[in-house]
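Note sheet for the following structure.
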Amino acid sequence: MDLEGVRTFVAVAAAGRFQPAADELGVTQQAVSKRIAALERALGVRLLDRAPRGASLTIDGRAFLPHAHELVRVAERAAAAVRPGSRPLRVDVINLRGAGSGLMREFHRTHPAVELDVVNLLDIGAAVAALRTGEIDATFRAVTAPGRPLPADVLSARVLDEPLRLLTGPGHALAAARSVTLDELAGHRIWMPGIAPGTEWGAYYEALADRFGLTVEATGPNFGSDALLDTIADTPALATFMGEHTRLIWPEGHGLRLVPVVGPVPVYPHSLLWHRDNPHPALAALRAHLAATVPEHSAPGTWTPEWTAPR
């Protein structure tokens with residue numbers, strides 16, 4: 001069914017004549033007649049009775065009219081869903097409790113009129129592909145991981161360096177420490193079951209472990225944050241790294257400790273990635289917001305992998 005024919009039928013039904021409908025649609029009266037005739041042939045019925053004084057709906061035309069209105073409304077909603085400025089800004093964050101999600105919550109708080117659609121794409125390859133096809137408008141990533149240069153049409157900006165802290169249970173040997181150096185962590189088991197092979201955060205922790213001789217374990221299934229907290233609380237031999245901006249709540253009886261890591265401070269580099277030709281107006285607002293409000297952590301005494309994109 002030709003949608004322009006349906007739209008033309010709706011205009012004629014409202015105007016009662018072909019010429020006013022043609023004026024509204026910006027076409028000739030002849031074009032209106034051809035569209036209506038083609039629609040009637042496609043449906044196999046006559047929708048309008050033509051007369052010198054105008055056009056009136058047939059019984060089939062009256063039956064078809066409410067459906068025609070709905071078809072036009074659906075088409076308009078479909079176009080609005082993908083039209084920059086009228087559809088939500090689609091942003092990918094890896095972890096809904098992590099720093100990227102927190103940055104988007106703050107953006108939403110200060111820009112409540114901007115509609116947002118937050119998605120989760122774990123693989124950076126899938127996220128970059130989605131940027132290039134327009135499936136998403138932006139993604140938060142640590143770029144660029146070794147051997148994964150960004151395509152020339154994907155741009156990035158370092159937006160936040162997030163310090164890591166050591167999370168321990170009450171029985172851990174370092175639970176009472178006011179701070180701990182990376183050298184002092186050598187020999188302690190750092191358990192991070194959420195590390196997925198081939199991800200940029202996997203590359204980050206691999207580089208951190210290699211540089212400072214740490215034991216970072218990703219063994220066992222990942223049952224989520226709550227299960228991780230339960231295990232850390234109950235296992236004195238295990239600790240884990242937790243980003244400063246990660247939002248977690250645990251039962252008071254867990255007795256968990258967050259210990260600052262120093263000498264140097266390992267920071268996780270969050271960058272915003274977007275396609276250079278993306279026209280969504282809210283994307284520019286997001287970039288400006290992050291540039292103006294995100295605190296600066298990159299400083300002497302911090303560490304990031306050599307492959308990290310410059311700030």
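Labels used: A, B, ... for chains in the order of the structure tokens, numbers from 1 for residues in each chain, and numbers from 1 for ligands as shown.
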Problem - Test item, strand (DSSP E) assignment across stretch 120-254 of chain A, answer as a ChimeraX atom specification - result: /A:138-141,154-168,180-181,189-191,215-217,238-243
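By chain and then residue number, the residues within 12 Å of A:Arg211 are Leu182, Asp183, Ala186, Tyr204, Tyr205, Glu206, Ala207, Thr215, Val216, Pro264, Pro266, Trp303, Thr304, Pro305 and Glu306 of chain A, counting only C-alpha atoms and disregarding those fewer than 4 positions away in sequence.
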Write a file of the selected residues as a PDB file, in the first residue's frame, keeping N, CA and C atoms.
```pdb
ATOM      1  N   LEU A 182      50.474  -0.096  45.273  1.00  0.00           N
ATOM      2  CA  LEU A 182      50.385  -1.200  44.320  1.00  0.00           C
ATOM      3  C   LEU A 182      51.447  -2.253  44.608  1.00  0.00           C
ATOM      4  N   ASP A 183      52.626  -1.820  45.054  1.00  0.00           N
ATOM      5  CA  ASP A 183      53.670  -2.782  45.393  1.00  0.00           C
ATOM      6  C   ASP A 183      53.243  -3.666  46.555  1.00  0.00           C
ATOM      7  N   ALA A 186      51.158  -6.851  45.725  1.00  0.00           N
ATOM      8  CA  ALA A 186      51.779  -8.040  45.129  1.00  0.00           C
ATOM      9  C   ALA A 186      51.664  -9.213  46.098  1.00  0.00           C
ATOM     10  N   TYR A 204      42.900  -3.545  30.250  1.00  0.00           N
ATOM     11  CA  TYR A 204      43.370  -2.620  31.285  1.00  0.00           C
ATOM     12  C   TYR A 204      43.929  -3.387  32.486  1.00  0.00           C
ATOM     13  N   TYR A 205      43.166  -4.348  32.998  1.00  0.00           N
ATOM     14  CA  TYR A 205      43.623  -5.058  34.196  1.00  0.00           C
ATOM     15  C   TYR A 205      44.789  -5.992  33.884  1.00  0.00           C
ATOM     16  N   GLU A 206      44.864  -6.475  32.664  1.00  0.00           N
ATOM     17  CA  GLU A 206      46.038  -7.251  32.281  1.00  0.00           C
ATOM     18  C   GLU A 206      47.289  -6.379  32.301  1.00  0.00           C
ATOM     19  N   ALA A 207      47.178  -5.153  31.783  1.00  0.00           N
ATOM     20  CA  ALA A 207      48.314  -4.234  31.797  1.00  0.00           C
ATOM     21  C   ALA A 207      48.683  -3.842  33.230  1.00  0.00           C
ATOM     22  N   THR A 215      48.315 -10.243  41.128  1.00  0.00           N
ATOM     23  CA  THR A 215      47.578 -11.458  40.799  1.00  0.00           C
ATOM     24  C   THR A 215      46.107 -11.102  40.661  1.00  0.00           C
ATOM     25  N   VAL A 216      45.667 -10.934  39.415  1.00  0.00           N
ATOM     26  CA  VAL A 216      44.274 -10.595  39.139  1.00  0.00           C
ATOM     27  C   VAL A 216      43.598 -11.835  38.570  1.00  0.00           C
ATOM     28  N   PRO A 264      51.674   4.425  42.363  1.00  0.00           N
ATOM     29  CA  PRO A 264      50.763   5.507  41.971  1.00  0.00           C
ATOM     30  C   PRO A 264      49.303   5.090  42.110  1.00  0.00           C
ATOM     31  N   PRO A 266      46.101   3.973  40.484  1.00  0.00           N
ATOM     32  CA  PRO A 266      45.619   3.466  39.200  1.00  0.00           C
ATOM     33  C   PRO A 266      44.271   4.096  38.875  1.00  0.00           C
ATOM     34  N   TRP A 303      48.325   6.340  37.287  1.00  0.00           N
ATOM     35  CA  TRP A 303      48.795   5.390  36.271  1.00  0.00           C
ATOM     36  C   TRP A 303      47.648   4.969  35.376  1.00  0.00           C
ATOM     37  N   THR A 304      47.901   4.940  34.082  1.00  0.00           N
ATOM     38  CA  THR A 304      47.029   4.318  33.090  1.00  0.00           C
ATOM     39  C   THR A 304      47.936   3.575  32.104  1.00  0.00           C
ATOM     40  N   PRO A 305      47.406   2.591  31.355  1.00  0.00           N
ATOM     41  CA  PRO A 305      48.236   1.892  30.392  1.00  0.00           C
ATOM     42  C   PRO A 305      48.773   2.843  29.312  1.00  0.00           C
ATOM     43  N   GLU A 306      49.895   2.460  28.720  1.00  0.00           N
ATOM     44  CA  GLU A 306      50.488   3.299  27.689  1.00  0.00           C
ATOM     45  C   GLU A 306      49.582   3.450  26.476  1.00  0.00           C
TER      46      GLU A 306
END
```
Pick out the residues sitting within 7 Å of stretch 12-21 of chain A, and hand them over as a JSON list (two decimals) with N, CA and C atoms, in the first residue's frame; count only C-alpha atoms, and ignore anything fewer than 5 positions along from it in its own chain.
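Dumped everything to result-v5.json:
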```
[["chain", "number", "residue", "atom", "x", "y", "z"],
["A", 29, "GLN", "N", -3.58, 19.07, -8.60],
["A", 29, "GLN", "CA", -4.84, 18.33, -8.47],
["A", 29, "GLN", "C", -4.78, 17.03, -9.24],
["A", 32, "VAL", "N", -3.11, 14.43, -7.16],
["A", 32, "VAL", "CA", -4.02, 13.92, -6.14],
["A", 32, "VAL", "C", -4.96, 12.87, -6.74],
["A", 54, "GLY", "N", -17.42, 18.46, -5.28],
["A", 54, "GLY", "CA", -16.44, 17.91, -4.37],
["A", 54, "GLY", "C", -16.43, 16.40, -4.37],
["A", 55, "ALA", "N", -15.88, 15.85, -3.30],
["A", 55, "ALA", "CA", -15.74, 14.40, -3.16],
["A", 55, "ALA", "C", -16.32, 13.98, -1.82],
["A", 56, "SER", "N", -17.04, 12.90, -1.81],
["A", 56, "SER", "CA", -17.63, 12.38, -0.57],
["A", 56, "SER", "C", -17.19, 10.93, -0.39],
["A", 57, "LEU", "N", -17.17, 10.49, 0.83],
["A", 57, "LEU", "CA", -16.72, 9.14, 1.14],
["A", 57, "LEU", "C", -17.80, 8.12, 0.78]]
```
Practice task
Identify all residues of stretch 32-210 of chain A in helix (DSSP H, G or I) (DSSP on the backbone) and supply them as a count of residues only.
Solution key: 72
Practice task
Find the residue from A:Leu160, A:Ile36, A:Thr8, A:Arg165 that sits nearest to A:Asp23; use only C-alpha atoms when measuring.
Solution key: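 Selected residue with least distance to A:Asp23: A:Thr8.
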Handout entry: Residue among A:Val265, A:Leu290, A:Leu43, A:Leu96 lying closest to A:Pro163, counting only C-alpha atoms
Key =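 With only C-alpha atoms as the atom set, the closest residue is A:Val265.
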Handout entry: Among listed residues A:Val128, A:Ile232, A:Leu48, A:Leu166, nearest A:Val180 (using only C-alpha atoms)
Key =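 With only C-alpha atoms as the atom set, the closest residue is A:Leu166.
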Practice task
Using only C-alpha atoms, determine which residues lie at most 10 Å from A:Asp230, disregarding the query and same-chain residues fewer than 6 positions distant; provide the list as a PyMOL selection string.
Solution key: chain A and resi 169+250-251+254+256
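Omitting A:Thr110 and its sequence neighbours fewer than 5 positions away, and counting only C-alpha atoms, the residues within 10 Å are A:Met104, A:Arg105, A:His289.
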Problem - Non-local contacts of A:Phe107 (10 Å; only C-alpha atoms; under 3 positions in same chain excluded) as number ranges by chain - result: A: 101-104, 110-112, 114, 116, 285-287, 289-290, 293
Output N, CA and C atoms of each residue in that selection to a file, as a tab-separated table (two decimals), in the first residue's frame.
```
chain	number	residue	atom	x	y	z
A	101	SER	N	27.34	5.30	33.67
A	101	SER	CA	25.94	5.48	34.04
A	101	SER	C	25.77	6.69	34.95
A	102	GLY	N	26.72	6.88	35.87
A	102	GLY	CA	26.66	8.04	36.75
A	102	GLY	C	26.78	9.35	35.99
A	103	LEU	N	27.66	9.39	34.98
A	103	LEU	CA	27.80	10.58	34.16
A	103	LEU	C	26.50	10.88	33.42
A	104	MET	N	25.83	9.83	32.94
A	104	MET	CA	24.58	10.05	32.22
A	104	MET	C	23.46	10.48	33.17
A	110	THR	N	20.73	17.63	34.82
A	110	THR	CA	20.93	19.02	34.40
A	110	THR	C	20.30	19.34	33.05
A	111	HIS	N	19.92	18.29	32.29
A	111	HIS	CA	19.25	18.49	30.99
A	111	HIS	C	18.00	17.61	30.95
A	112	PRO	N	17.01	17.87	31.80
A	112	PRO	CA	15.84	16.98	31.89
A	112	PRO	C	15.01	16.93	30.61
A	114	VAL	N	16.11	16.53	27.61
A	114	VAL	CA	16.71	15.63	26.63
A	114	VAL	C	16.26	14.20	26.93
A	116	LEU	N	16.52	10.29	26.78
A	116	LEU	CA	17.66	9.38	26.73
A	116	LEU	C	17.19	7.95	26.58
A	285	ALA	N	25.32	18.65	23.20
A	285	ALA	CA	25.05	19.07	24.58
A	285	ALA	C	25.72	18.15	25.58
A	286	LEU	N	25.71	16.85	25.31
A	286	LEU	CA	26.37	15.89	26.20
A	286	LEU	C	27.87	16.13	26.23
A	287	ARG	N	28.48	16.32	25.09
A	287	ARG	CA	29.93	16.55	25.04
A	287	ARG	C	30.30	17.82	25.79
A	289	HIS	N	28.62	19.23	28.20
A	289	HIS	CA	28.38	18.99	29.64
A	289	HIS	C	29.56	18.24	30.26
A	290	LEU	N	30.02	17.19	29.60
A	290	LEU	CA	31.12	16.41	30.15
A	290	LEU	C	32.40	17.24	30.22
A	293	THR	N	31.91	19.74	33.32
A	293	THR	CA	31.57	19.34	34.68
A	293	THR	C	32.37	18.18	35.23
```
Shell around A:Thr219 at 10 Å using only C-alpha atoms, local window under 6 positions removed, as a PDB file with C-alpha atoms, in the first residue's frame:
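Writing the result to around.pdb gives the following:
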```
ATOM      1  CA  TRP A 191      39.331 -11.457  42.311  1.00  0.00           C
ATOM      2  CA  MET A 192      37.410  -9.910  39.403  1.00  0.00           C
ATOM      3  CA  PRO A 193      35.032 -12.434  37.841  1.00  0.00           C
ATOM      4  CA  GLY A 194      33.464  -9.763  35.613  1.00  0.00           C
ATOM      5  CA  ILE A 195      36.520  -9.479  33.363  1.00  0.00           C
TER       6      ILE A 195
END
```
